[in-house]
>>> print(open('data.cif').read())   # mmCIF, C-alpha atoms
data_target
loop_
_atom_site.label_atom_id
_atom_site.label_comp_id
_atom_site.auth_asym_id
_atom_site.auth_seq_id
_atom_site.Cartn_x
_atom_site.Cartn_y
_atom_site.Cartn_z
CA MET A 1 11.74 -9.46 14.14
CA SER A 2 12.66 -11.32 17.30
CA PRO A 3 10.61 -10.81 20.42
CA LYS A 4 12.27 -8.80 23.17
CA ARG A 5 11.59 -8.23 26.85
CA GLY A 6 8.33 -6.35 27.28
CA ASP A 7 6.97 -7.24 23.81
CA ARG A 8 3.40 -8.45 23.57
CA ALA A 9 3.04 -12.20 23.06
CA ALA A 10 0.64 -13.28 20.31
CA PRO A 11 -1.08 -16.62 20.77
CA PRO A 12 -0.11 -19.30 18.26
CA PRO A 13 -2.68 -20.28 15.62
CA VAL A 14 -4.77 -23.35 16.37
CA ASP A 15 -6.63 -25.72 14.05
CA ASP A 16 -7.39 -23.96 10.75
CA GLU A 17 -6.33 -20.46 11.84
CA TYR A 18 -3.78 -18.44 9.90
CA ASP A 19 -0.58 -17.16 11.45
CA LEU A 20 -0.37 -13.35 11.29
CA ARG A 21 3.14 -12.01 10.76
CA PHE A 22 4.58 -8.60 9.97
CA ALA A 23 6.29 -8.25 6.60
CA SER A 24 8.19 -5.14 7.75
CA SER A 25 9.02 -3.15 10.86
CA GLU A 26 6.90 -0.27 9.49
CA ALA A 27 3.87 -2.57 9.48
CA ALA A 28 4.60 -3.54 13.10
CA GLU A 29 4.87 0.12 14.12
CA GLY A 30 1.61 0.93 12.34
CA TRP A 31 -0.06 -1.99 14.12
CA GLU A 32 1.00 -0.51 17.46
CA GLN A 33 -0.41 2.90 16.46
CA LEU A 34 -3.71 1.24 15.57
CA ALA A 35 -3.66 -0.65 18.89
CA ARG A 36 -3.37 2.65 20.76
CA GLN A 37 -6.09 4.35 18.69
CA ALA A 38 -8.69 1.58 18.32
CA PRO A 39 -7.83 -1.51 20.39
CA GLY A 40 -11.29 -3.11 20.19
CA ASN A 41 -11.57 -2.71 16.42
CA LEU A 42 -8.04 -4.00 15.91
CA ARG A 43 -8.76 -7.04 18.08
CA ARG A 44 -11.84 -7.86 15.94
CA ALA A 45 -9.76 -7.39 12.79
CA PHE A 46 -7.05 -9.68 14.18
CA GLU A 47 -9.59 -12.42 14.96
CA ARG A 48 -11.31 -12.19 11.58
CA ILE A 49 -8.08 -12.11 9.58
CA ARG A 50 -6.70 -15.02 11.57
CA ALA A 51 -9.86 -17.09 11.04
CA THR A 52 -10.57 -16.32 7.35
CA PRO A 53 -8.24 -13.75 5.77
CA ARG A 54 -9.77 -14.20 2.29
CA ALA A 55 -13.46 -13.91 3.22
CA GLY A 56 -15.41 -11.11 1.64
CA ASP A 57 -18.27 -11.48 4.12
CA GLN A 58 -17.96 -7.82 5.15
CA PRO A 59 -17.57 -5.94 1.86
CA GLY A 60 -17.56 -2.58 3.63
CA ARG A 61 -14.76 -3.65 5.96
CA ARG A 62 -12.84 -6.44 4.25
CA HIS A 63 -12.14 -7.01 0.58
CA ARG A 64 -9.47 -8.01 -1.87
CA LEU A 65 -7.76 -5.06 -3.49
CA LYS A 66 -8.33 -4.55 -7.20
CA GLY A 67 -6.11 -4.11 -10.22
CA ALA A 68 -2.36 -3.98 -9.77
CA LEU A 69 -2.77 -3.78 -5.99
CA GLY A 70 -4.72 -7.08 -5.93
CA THR A 71 -1.54 -9.14 -5.77
CA GLY A 72 1.89 -8.70 -4.31
CA THR A 73 5.14 -10.61 -4.30
CA PHE A 74 6.59 -11.70 -0.97
CA LYS A 75 9.57 -14.03 -0.60
CA GLY A 76 9.34 -14.90 -4.30
CA ALA A 77 5.68 -15.92 -4.23
CA GLU A 78 2.82 -13.96 -5.77
CA LEU A 79 0.06 -13.66 -3.17
CA GLU A 80 -3.42 -12.11 -2.97
CA ARG A 81 -3.55 -8.72 -1.21
CA TRP A 82 -6.51 -8.07 1.09
CA GLN A 83 -7.53 -4.97 3.02
CA TYR A 84 -9.34 -4.76 6.33
CA GLU A 85 -10.80 -1.41 7.37
CA VAL A 86 -10.17 -1.08 11.10
CA THR A 87 -11.42 2.51 11.50
CA GLY A 88 -12.66 5.18 9.08
CA GLY A 89 -9.08 5.78 7.92
CA GLY A 90 -7.17 2.95 9.61
CA ARG A 91 -6.34 -0.03 7.42
CA VAL A 92 -4.51 -3.33 7.54
CA TRP A 93 -3.20 -4.76 4.27
CA CYS A 94 -2.02 -8.34 4.16
CA LEU A 95 -0.70 -10.81 1.63
CA VAL A 96 -2.34 -14.18 2.11
CA ASP A 97 -0.18 -17.28 1.75
CA VAL A 98 -2.72 -20.13 1.59
CA ALA A 99 -0.11 -22.88 1.32
CA GLY A 100 1.80 -21.63 4.38
CA ARG A 101 -1.41 -20.58 6.22
CA THR A 102 0.14 -17.19 6.89
CA ALA A 103 -1.18 -13.66 6.46
CA TRP A 104 1.76 -11.30 5.98
CA ILE A 105 0.82 -7.82 7.21
CA THR A 106 2.42 -5.41 4.76
CA TYR A 107 0.69 -2.24 5.97
CA ALA A 108 -1.04 -1.23 9.16
CA GLY A 109 -1.76 2.35 10.04
CA THR A 110 -4.20 4.94 11.28
CA GLY A 111 -4.35 6.71 7.92
CA HIS A 112 -5.42 5.44 4.54
CA PRO A 113 -2.41 3.85 2.81
CA ARG A 114 -0.82 5.60 -0.12
CA PRO A 115 0.65 2.89 -2.32
CA PRO A 116 3.66 3.79 -4.42
CA THR A 117 2.49 5.04 -7.77
CA ASP A 118 4.23 4.64 -11.06
CA PRO A 119 5.06 7.91 -12.78
CA GLN A 120 2.44 9.03 -15.27
CA PRO A 121 3.55 8.42 -18.85
CA HIS A 122 4.62 11.44 -20.82
CA CYS A 123 3.23 12.31 -24.24
CA CYS A 124 5.76 10.05 -25.91
CA GLY A 125 5.32 7.15 -23.46
CA ARG A 126 8.33 8.03 -21.33
CA PRO A 127 7.81 8.48 -17.57
CA SER A 128 7.38 11.99 -16.20
CA ALA A 129 8.02 13.33 -12.73
CA THR A 130 5.46 15.80 -11.53
CA SER A 131 5.67 15.18 -7.80
CA ALA A 132 7.83 17.09 -5.38
CA SER A 133 9.31 13.79 -4.20
CA ALA A 134 11.09 13.20 -7.51
CA SER A 135 14.83 13.67 -7.26
CA PRO A 136 16.27 16.76 -8.96
CA ARG A 137 18.50 14.57 -11.12
CA LEU A 138 15.54 12.49 -12.30
CA TYR A 139 13.47 15.63 -12.89
CA SER A 140 16.21 17.25 -15.01
CA ALA A 141 16.57 14.05 -17.07
CA ILE A 142 12.83 13.97 -17.68
CA ALA A 143 12.82 17.68 -18.51
CA ARG A 144 15.48 17.03 -21.17
CA ILE A 145 13.37 14.24 -22.66
CA ALA A 146 10.29 16.42 -22.53
CA SER A 147 12.02 19.31 -24.29
CA ARG A 148 12.91 16.97 -27.16
CA CYS A 149 9.27 16.16 -27.78
CA GLY A 150 7.95 19.67 -27.12
CA LYS A 151 6.20 19.01 -23.82
CA SER A 152 6.75 20.38 -20.34
CA PRO A 153 6.93 17.72 -17.62
CA SER A 154 5.21 20.00 -15.10
CA SER A 155 2.13 20.68 -17.20
CA ARG A 156 -0.14 18.34 -19.09
CA ARG A 157 -1.61 21.26 -21.07
CA SER A 158 1.63 22.10 -22.78
CA GLY A 159 2.28 22.03 -26.44
CA PRO A 160 2.90 24.30 -29.42
CA ALA A 161 -0.25 26.38 -28.85
CA THR A 162 0.52 26.87 -25.14
CA ARG A 163 4.11 27.84 -25.91
CA GLU A 164 2.89 30.41 -28.44
CA ARG A 165 0.55 31.88 -25.82
CA ARG A 166 3.40 32.09 -23.31
CA ILE A 167 5.62 33.84 -25.86
CA ALA A 168 2.83 36.24 -26.81
CA ASN A 169 2.14 37.06 -23.14
CA ALA A 170 5.82 37.60 -22.29
#
>>> encode(input="data.cif", output="C-alpha cells")
Amino acid sequence: MSPKRGDRAAPPPVDDEYDLRFASSEAAEGWEQLARQAPGNLRRAFERIRATPRAGDQPGRRHRLKGALGTGTFKGAELERWQYEVTGGGRVWCLVDVAGRTAWITYAGTGHPRPPTDPQPHCCGRPSATSASASPRLYSAIARIASRCGKSPSSRRSGPATRERRIANA
C-alpha cells in the first residue's frame, strides 16, 4: 500500500523498535476505525507493539494466541501470532517477524475478530456445512455424503432413532 496525499505518516522505527506494517487493506481500514473510536488506546498499543511485540507483560491486554491461531504464515514464513486488546472488543492481531524486525498487522478492528473456522467433521470424518455462509453447491454435496452414512448435515442429533421418530410423527 503506497502512501497517498493526505495519508498519515508513521515515524520510522529507531534502534531496537519493530516496524509495524499492514498485511492487508482490511487491516488498514480496521486500524482507521480503531483510531476514530479509541485514539489514545490505539496509540499506546502502537507504542507497545513497536517496542516489544512479543512481550506478555500485560496478560489481560497482550498475549500470544493459542492452538492453531498461535502461528500464521506470511510471505512463506511461519510467524508467531500475537493479540493486543485495544478496547473491550477492539483487537489488533499481528504476525511477528523477529528476523526482519517487523510486526505484520493482520487484523485490526473495533469488534472481536472471528477467525475462519474449519468445517466441523461429520460422523464419518468428512466435513459438514452447517453455517448459512456455505455455498448451496457445497451444502448439496455434503448432504449427499451425509445421506450415504445416514446422518443429516444440519443436525448433530440425527441417526436411525431420530429418523424413526420423524417417520412416526409424520
>>> residues_around(input="data.cif", residues="Trp104 (chain A)", least_positions_apart="3", cutoff="8 Å", atoms="all atoms listed in the file", output="PDB file with C-alpha atoms, in the coordinates of the input")
ATOM      1  CA  LEU A  20      -0.370 -13.350  11.290  1.00  0.00           C
ATOM      2  CA  ARG A  21       3.140 -12.010  10.760  1.00  0.00           C
ATOM      3  CA  PHE A  22       4.580  -8.600   9.970  1.00  0.00           C
ATOM      4  CA  ALA A  23       6.290  -8.250   6.600  1.00  0.00           C
ATOM      5  CA  CYS A  94      -2.020  -8.340   4.160  1.00  0.00           C
ATOM      6  CA  LEU A  95      -0.700 -10.810   1.630  1.00  0.00           C
ATOM      7  CA  VAL A  96      -2.340 -14.180   2.110  1.00  0.00           C
ATOM      8  CA  ASP A  97      -0.180 -17.280   1.750  1.00  0.00           C
TER       9      ASP A  97
END
>>> axis_aligned_box(input="data.cif", around="region 73-88 of chain A", padding_each_side="5 Å", output="lines of an AutoDock Vina configuration file")
center_x = -1.5
center_y = -5.4
center_z = 2.9
size_x = 32.2
size_y = 31.1
size_z = 27.3
>>> atom_distance(input="data.cif", atom1="CA of Gly100 (chain A)", atom2="CA of Arg62 (chain A)")
21.1 Å
>>> residues_around(input="data.cif", residues="Pro113 (chain A)", least_positions_apart="6", cutoff="10 Å", atoms="only C-alpha atoms", output="list of chain:residue names")
A:Gly89, A:Gly90, A:Arg91, A:Val92, A:Trp93, A:Tyr107
>>> atom_distance(input="data.cif", atom1="CA of Lys66 (chain A)", atom2="CA of Trp82 (chain A)")
9.2 Å
>>> resolve_selection(input="data.cif", expression="the PyMOL selection byres ((chain A and resi 41-53) around 12)", output="CSV table (one decimal) with C-alpha atoms, in the coordinates of the input")
chain,number,residue,atom,x,y,z
A,10,ALA,CA,0.6,-13.3,20.3
A,11,PRO,CA,-1.1,-16.6,20.8
A,12,PRO,CA,-0.1,-19.3,18.3
A,13,PRO,CA,-2.7,-20.3,15.6
A,14,VAL,CA,-4.8,-23.4,16.4
A,15,ASP,CA,-6.6,-25.7,14.0
A,16,ASP,CA,-7.4,-24.0,10.8
A,17,GLU,CA,-6.3,-20.5,11.8
A,18,TYR,CA,-3.8,-18.4,9.9
A,19,ASP,CA,-0.6,-17.2,11.4
A,20,LEU,CA,-0.4,-13.4,11.3
A,21,ARG,CA,3.1,-12.0,10.8
A,30,GLY,CA,1.6,0.9,12.3
A,31,TRP,CA,-0.1,-2.0,14.1
A,32,GLU,CA,1.0,-0.5,17.5
A,33,GLN,CA,-0.4,2.9,16.5
A,34,LEU,CA,-3.7,1.2,15.6
A,35,ALA,CA,-3.7,-0.6,18.9
A,36,ARG,CA,-3.4,2.6,20.8
A,37,GLN,CA,-6.1,4.4,18.7
A,38,ALA,CA,-8.7,1.6,18.3
A,39,PRO,CA,-7.8,-1.5,20.4
A,40,GLY,CA,-11.3,-3.1,20.2
A,54,ARG,CA,-9.8,-14.2,2.3
A,55,ALA,CA,-13.5,-13.9,3.2
A,56,GLY,CA,-15.4,-11.1,1.6
A,57,ASP,CA,-18.3,-11.5,4.1
A,58,GLN,CA,-18.0,-7.8,5.2
A,61,ARG,CA,-14.8,-3.6,6.0
A,62,ARG,CA,-12.8,-6.4,4.2
A,63,HIS,CA,-12.1,-7.0,0.6
A,64,ARG,CA,-9.5,-8.0,-1.9
A,80,GLU,CA,-3.4,-12.1,-3.0
A,81,ARG,CA,-3.6,-8.7,-1.2
A,82,TRP,CA,-6.5,-8.1,1.1
A,83,GLN,CA,-7.5,-5.0,3.0
A,84,TYR,CA,-9.3,-4.8,6.3
A,85,GLU,CA,-10.8,-1.4,7.4
A,86,VAL,CA,-10.2,-1.1,11.1
A,87,THR,CA,-11.4,2.5,11.5
A,88,GLY,CA,-12.7,5.2,9.1
A,90,GLY,CA,-7.2,3.0,9.6
A,91,ARG,CA,-6.3,0.0,7.4
A,92,VAL,CA,-4.5,-3.3,7.5
A,93,TRP,CA,-3.2,-4.8,4.3
A,94,CYS,CA,-2.0,-8.3,4.2
A,95,LEU,CA,-0.7,-10.8,1.6
A,96,VAL,CA,-2.3,-14.2,2.1
A,97,ASP,CA,-0.2,-17.3,1.8
A,98,VAL,CA,-2.7,-20.1,1.6
A,101,ARG,CA,-1.4,-20.6,6.2
A,102,THR,CA,0.1,-17.2,6.9
A,103,ALA,CA,-1.2,-13.7,6.5
A,104,TRP,CA,1.8,-11.3,6.0
A,105,ILE,CA,0.8,-7.8,7.2
A,108,ALA,CA,-1.0,-1.2,9.2
A,109,GLY,CA,-1.8,2.4,10.0
A,110,THR,CA,-4.2,4.9,11.3
>>> atom_distance(input="data.cif", atom1="CA of Leu65 (chain A)", atom2="CA of Glu78 (chain A)")
14.0 Å
